[in-house]
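Enquirer: Quick one: the structure is below, questions incoming.
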Amino acid sequence: MAELRRVLYGPALLLIILASPLGAQVPVEAGGKADLSLQGYYYAFGGRHQNTSGLAASFEHFLPKLGLLAGRIEDYAGQGRWRAGDNQLSLSGAVWRDHRWALVGGDFRVSTGPTDLGFGNLFYPELTLRGARISASRNNRDYYVYFGAHTLYAGPRIPFHTTTPQQVLGLGVRQQAWRRLELDIRLLRVGTDLERAGREDFLFPENRRAPVVHTGGLQARFAASERLRLFGELSTAFARTGAGEISLRRRQLSATLGATWETPKWSLRASFVRQGLFYLPLAGYFAGDRRGPSAELRHRPWRQFELAFSASRFSNNLERDPYTPTFKSTVFAQGLSAGLPGKISFSAYTSALRFDFRTGDAVTRTHNHLWSAGAGRAWGRQNLRFTFREISSQAAGHKSRQRSQEVEDVVRLGRLVGGAALRWDTALQTERRNSIHLRVNAQINLRRFSAFGQVEHGRDMLNETVFAANAVNSSLLGLAAPVAGGWRLQMEAYRSRLTTRANPENIFLLATRGIEFPALLNVFDQWSFFLRLTRSFRWGSTLPDQGLDRFTAERIPIAGIIEGFVIEAGRDRRLPAAGVAVALDGWRKTVTDREGRFRFEDVAEGVHKIGFVVDEMPADLEAGQLERVEVLVKSRKVSRVDLTVYRLGEICGKIEAPPETPLDRILLRLNPSGRYTTPEADGAFCFYNLREGDYVVNLDQSSLPPDVSILGEPSVPVTLDLRFPALRLQFRLERRAVEKPIREVLVHRAAEP
C-alpha cells in the first residue's frame with residue numbers, strides 16, 4: 001500500500017493542479033493544454049522478466065498577469081520499486097523589478113556549454129539535476145542560479161532517473177555585447193559522498209574522487225565577420241582533499257580555443273583542447289583530463305562535389321600519474337561526395353585510427369583502418385544503393401580484416417514504403433568466414449494510422465574485433481492509431497536473438513552521455529513490448545505549439561515607450577510631416593500629429609523595428625533611405641527614433657516641332673537620377689516623383705529624325721523647389737534641308753559600224 005500511495009501521489013497532484021483551470025471559468029486571455037499518457041514496457045531475457053509501467057502527464061497554462069505555468073509528472077513502478085522520471089513544476093515569463101524571471105522546481109537540465117559550435121571534439125554534457133533553478137533576464141543579460149542532486153538516466157525504453165552521490169550548486173551570468181560577442185561566466189561547486197562513490201566505482205574513476213570541487217570559467221564567442229567565428233574558454237578547478245585543505249597539486253587550469261571559417265566553397269574548423277582532471281567531475285561522464293588539437297577542412301569546388309579532410313590527436317593523464325591508465329589516439333580521415341552523370345550519387349570515406357593504451361610498463365597498440373564507398377540512384381519510385389566497407393585491425397601482433405558489400409532497394413507505392421537489403425560479410429583472420437545478412441522493412445501511413453515492420457536475419461561480423469560482436473535474428477513491429485474517446489495508441493513489439501559485448505577500450509573514445517554503460521549490452525533470445533495511450537486536452541485561448549517564450553513575453557511585457565518625429569526634409573529646411581502612418585514591428589500602427597510626433601506605449605523590452613506603412617503613405621511623400629530602423633527598448637525608459645520623408649514633385653515641359661514629326665520616338669533623360677521618358681503626341685512630357693534638388697534635362701539628339709535638329713542647347717539645368725511654382729521647360733525643333741548625295745554615272749555609247 002505504501003508503494004501504491006507513492007506511485008499515485010504524482011498523478012493526484014497533477015490532477016489537482018489541472019482542476020483549477022479546467023473547473024473554473026477561464027478568462028478569455030488565459031488558456032492551456034495538457035497531455036496524459038498511460039504507458040508500459042515489458043522486457044524478457046534469459047528467463048527473467050522486467051516491466052515498467054505508469055503514468056506520464058504534462059500541462060501548460062498561461063496566466064495573463066503572471067506567466068506560463070507548466071508541469072510534468074512521470075511516475076512508474078517496476079520490479080517492486082518506484083521509478084521517477086521527469087517531475088517538474090515551472091513558472092516562466094513573470095515580470096518583477098524590471099526583469100523576466102523563470103522558476104523551476106524538480107527535475108531539470110542545465111547546459112554546461114554551447115551546443116552549436118560544430119566542433120566534434122568539444123563535448124559539453126548536460127547537467128540533469130533534481131532541485132531548483134532560478135533565472136532572470138533583462139535586455140541582453142541573463143542571471144541564473146541552480147542547485148540539486150545530480151541524476152542519470154536509466155531504463156531501456158521508458159527513461160527514469162537514478163540519483164548519484166553528488167550535490168551540485170552553480171551560478172552564472174550570460175551577456176550579449178555589441179551583437180558580436182557573447183560572454184558566459186559561471187561558477188560550479190560539486191560535492192561528492194565518497195563512501196557511496198566507493199560502492200559505485202563504475203561512475204567514479206579512482207583518480208577523480210574528491211569530496212568538494214570548485215570550478216570557475218569564462219566562455220566567449222565572437223563573430224569577427226560573417227565568415228570568421230571564434231570560440232574560447234578558460235577555467236580553473238580547485239579540489240579539496242579529505243582533510244579539508246586545498247591541495248596545490250589539485251589546482252588545475254583548462255583552456256579551449258576554436259575558430260571556424262565558412263565560405264560558399266571552403267569550410268575550416270580548428271580547435272585545441274586542454275582540460276584538467278577536475279574540469280567537470282560529474283558522475284557518469286568522461287569530461288576532462290585530455291589534451292590535443294583537431295582540424296577539419298571541407299572544399300566544394302563545384303555544386304555537386306565536396307572534399308573533406310580531418311585530423312585529431314588526443315591524450316589523457318595530464319598529471320602523469322603512474323597509476324592512471326594512459327590513452328592516446330590519433331585519427332586521420334578523408335572523404336568525398338559527388339553527383340555523377342546519370343543522376344548517380346557517389347561517396348567515399350577512409351580513416352586511420354591509432355590507439356595506444358598504457359598501464360604501468362605495459363603498452364597495447366591498436367591500428368584500425370576503414371575504407372567505405374557507396375553509390376546510389378533514384379528513379380521513379382525506387383531508390384537503389386550499393387555500399388562497400390572494409391575494416392582492418394592490428395592489435396597485439398594480431399591482424400584481422402572485415403569486408404562488407406550491401407545492396408539496398410527502397411520502393412515507394414503511394415502511402416506504402418518498402419525496402420530490402422542484402423549484405424555479404426567476409427572476415428579474414430586465421431581463417432576465412434563468410435555470412436549473409438538480410439534486412440526487410442515496410443512502412444505505411446494512412447492519414448491518422450501508421451504502421452511499420454522490420455525483419456533482420458544473419459550474423460554481423462563488421463564490428464566483431466573493433467567495437468562489438470553481434471549475432472542478429474530479430475523482428476520489429478509497430479503501429480500508431482486513434483482509438484475511442486480521443487485517445488491515441490502507440491505500440492511496438494520486438495523479438496531478437498542477439499549477443500553484443502562492448503569493447504571497454506572505446507569508452508575513452510566514445511564518451512558516455514550520462515547513461516549507465518554496462519559491459520554486456522544484449523543477450524540471446526530477448527523480447528520486448530511497449531504500449532502507450534495518449535490523450536490531449538485544450539482549454540481557453542489556444543496556445544501555440546512553438547514559441548511559448550515569445551508568446552508569454554508579448555503578453556506580459558517589460559514595458560517601455562518609443563516616440564519620435566517624422567521629418568519632411570527639403571533642400572534647406574526640415575518640417576514636421578503630419579498624417580504619416582508609422583508601424584511598430586509591422587502590426588501596431590499610429591499616425592503622426594500636426595507636429596509630426598508619434599508614440600507607442602507599453603512596448604516590450606528588447607529590440608523592435610519602426611517603419612512606415614508604405615501602403616498608407618501619401619502619394620506625394622517618399623520614405624528616406626531607411627524605411628525601417630531598429631530601436632532598443634528598456635524598461636520604463638523612453639526610446640527616441642526619428643524618421644525622414646521627402647515630398648515629391650515633378651518637372652514638366654513641352655517639345656515644339658514641325659508638323660508630322662514623330663515626337664513619341666524622341667528620348668529625354670534626367671540626370672543625375674538616370675530616368676528617361678518620351679513625350680506625348682502633342683510634345684508634352686513630365687518626370688514624376690522627384691525629390692527637391694538640382695537636375696539636368698537632356699534631349700537625346702541621336703533619337704531625332706534625320707531631317708530635324710534642335711534650336712538651342714540640348715541640355716537644360718533646372719532646380720526643383722516645391723516652395724515656388726514649377727517652371728515648364730521648352731525645347732524647339734526645326735526641319736532642315738537634307739542634301740541628297742549625287743552619284744555620277746558615265747554611259748559609253750558603242751561605236752557605229
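Identifiers in the C-alpha cells: chain A, B, ... in order shown; residue index from 1 per chain; ligand index from 1 in order shown.
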Name the residues of range 260-483 of chain A that fall into strand (DSSP E) according to DSSP on the backbone, using the chain letters and numbers of this document, as a PyMOL selection string.
Expert: chain A and resi 260-262+266-275+290-302+305-315+326-340+344-359+362-379+382-395+398-413+416-428+432-446+449-460+468-482
Enquirer: As a PDB file with C-alpha atoms, in the first residue's frame, please: the residues near Pro544 in chain A (cut-off 10 Å, only C-alpha atoms, same-chain neighbours under 3 positions excluded).
Expert:
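Generated file (around_26.pdb):
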ATOM      1  CA  GLY A  32      -3.685  25.964 -21.789  1.00  0.00           C
ATOM      2  CA  LYS A  33      -3.153  22.427 -22.920  1.00  0.00           C
ATOM      3  CA  SER A 541      -7.317  30.533 -25.649  1.00  0.00           C
ATOM      4  CA  GLY A 547       7.479  29.850 -29.434  1.00  0.00           C
ATOM      5  CA  LEU A 548       5.831  29.878 -26.000  1.00  0.00           C
ATOM      6  CA  PHE A 551       4.113  34.292 -26.710  1.00  0.00           C
TER       7      PHE A 551
END
Enquirer: Pick from A:Phe386, A:Phe346, A:Phe123, A:Trp101: nearest to Asp142 in chain A, with only C-alpha atoms counted?
Expert: A:Trp101
Enquirer: Tell me which of A:Ser702, A:Ser536, A:Ser347, A:Asn671 sits closest to Ser715 in chain A, counting only C-alpha atoms.
Expert: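 Selected residue with least distance to Ser715 in chain A: A:Asn671.
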Enquirer: Need the shell around Lys65 in chain A: protein/DNA/RNA residues with any atom at most 9 Å away, counting only C-alpha atoms. Skip same-chain ones fewer than 5 positions apart. Format as a list in words?
Expert: Ala94, Val95, Arg555 and Ile556 of chain A
Enquirer: Excluding range 377-383 of chain A and residues on its chain fewer than 5 positions from it, collect all residues at most 6 Å away from it, counting only C-alpha atoms, and give them as a tab-separated table (two decimals) with C-alpha atoms, in the first residue's frame.
Expert:
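Listed below is the output, selection25.tsv:
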chain	number	residue	atom	x	y	z
A	344	ILE	CA	24.15	8.80	-59.62
A	409	ASP	CA	16.44	-1.11	-52.67
A	410	VAL	CA	13.62	1.07	-51.37
A	411	VAL	CA	10.29	1.29	-53.22
A	412	ARG	CA	7.52	3.81	-52.62
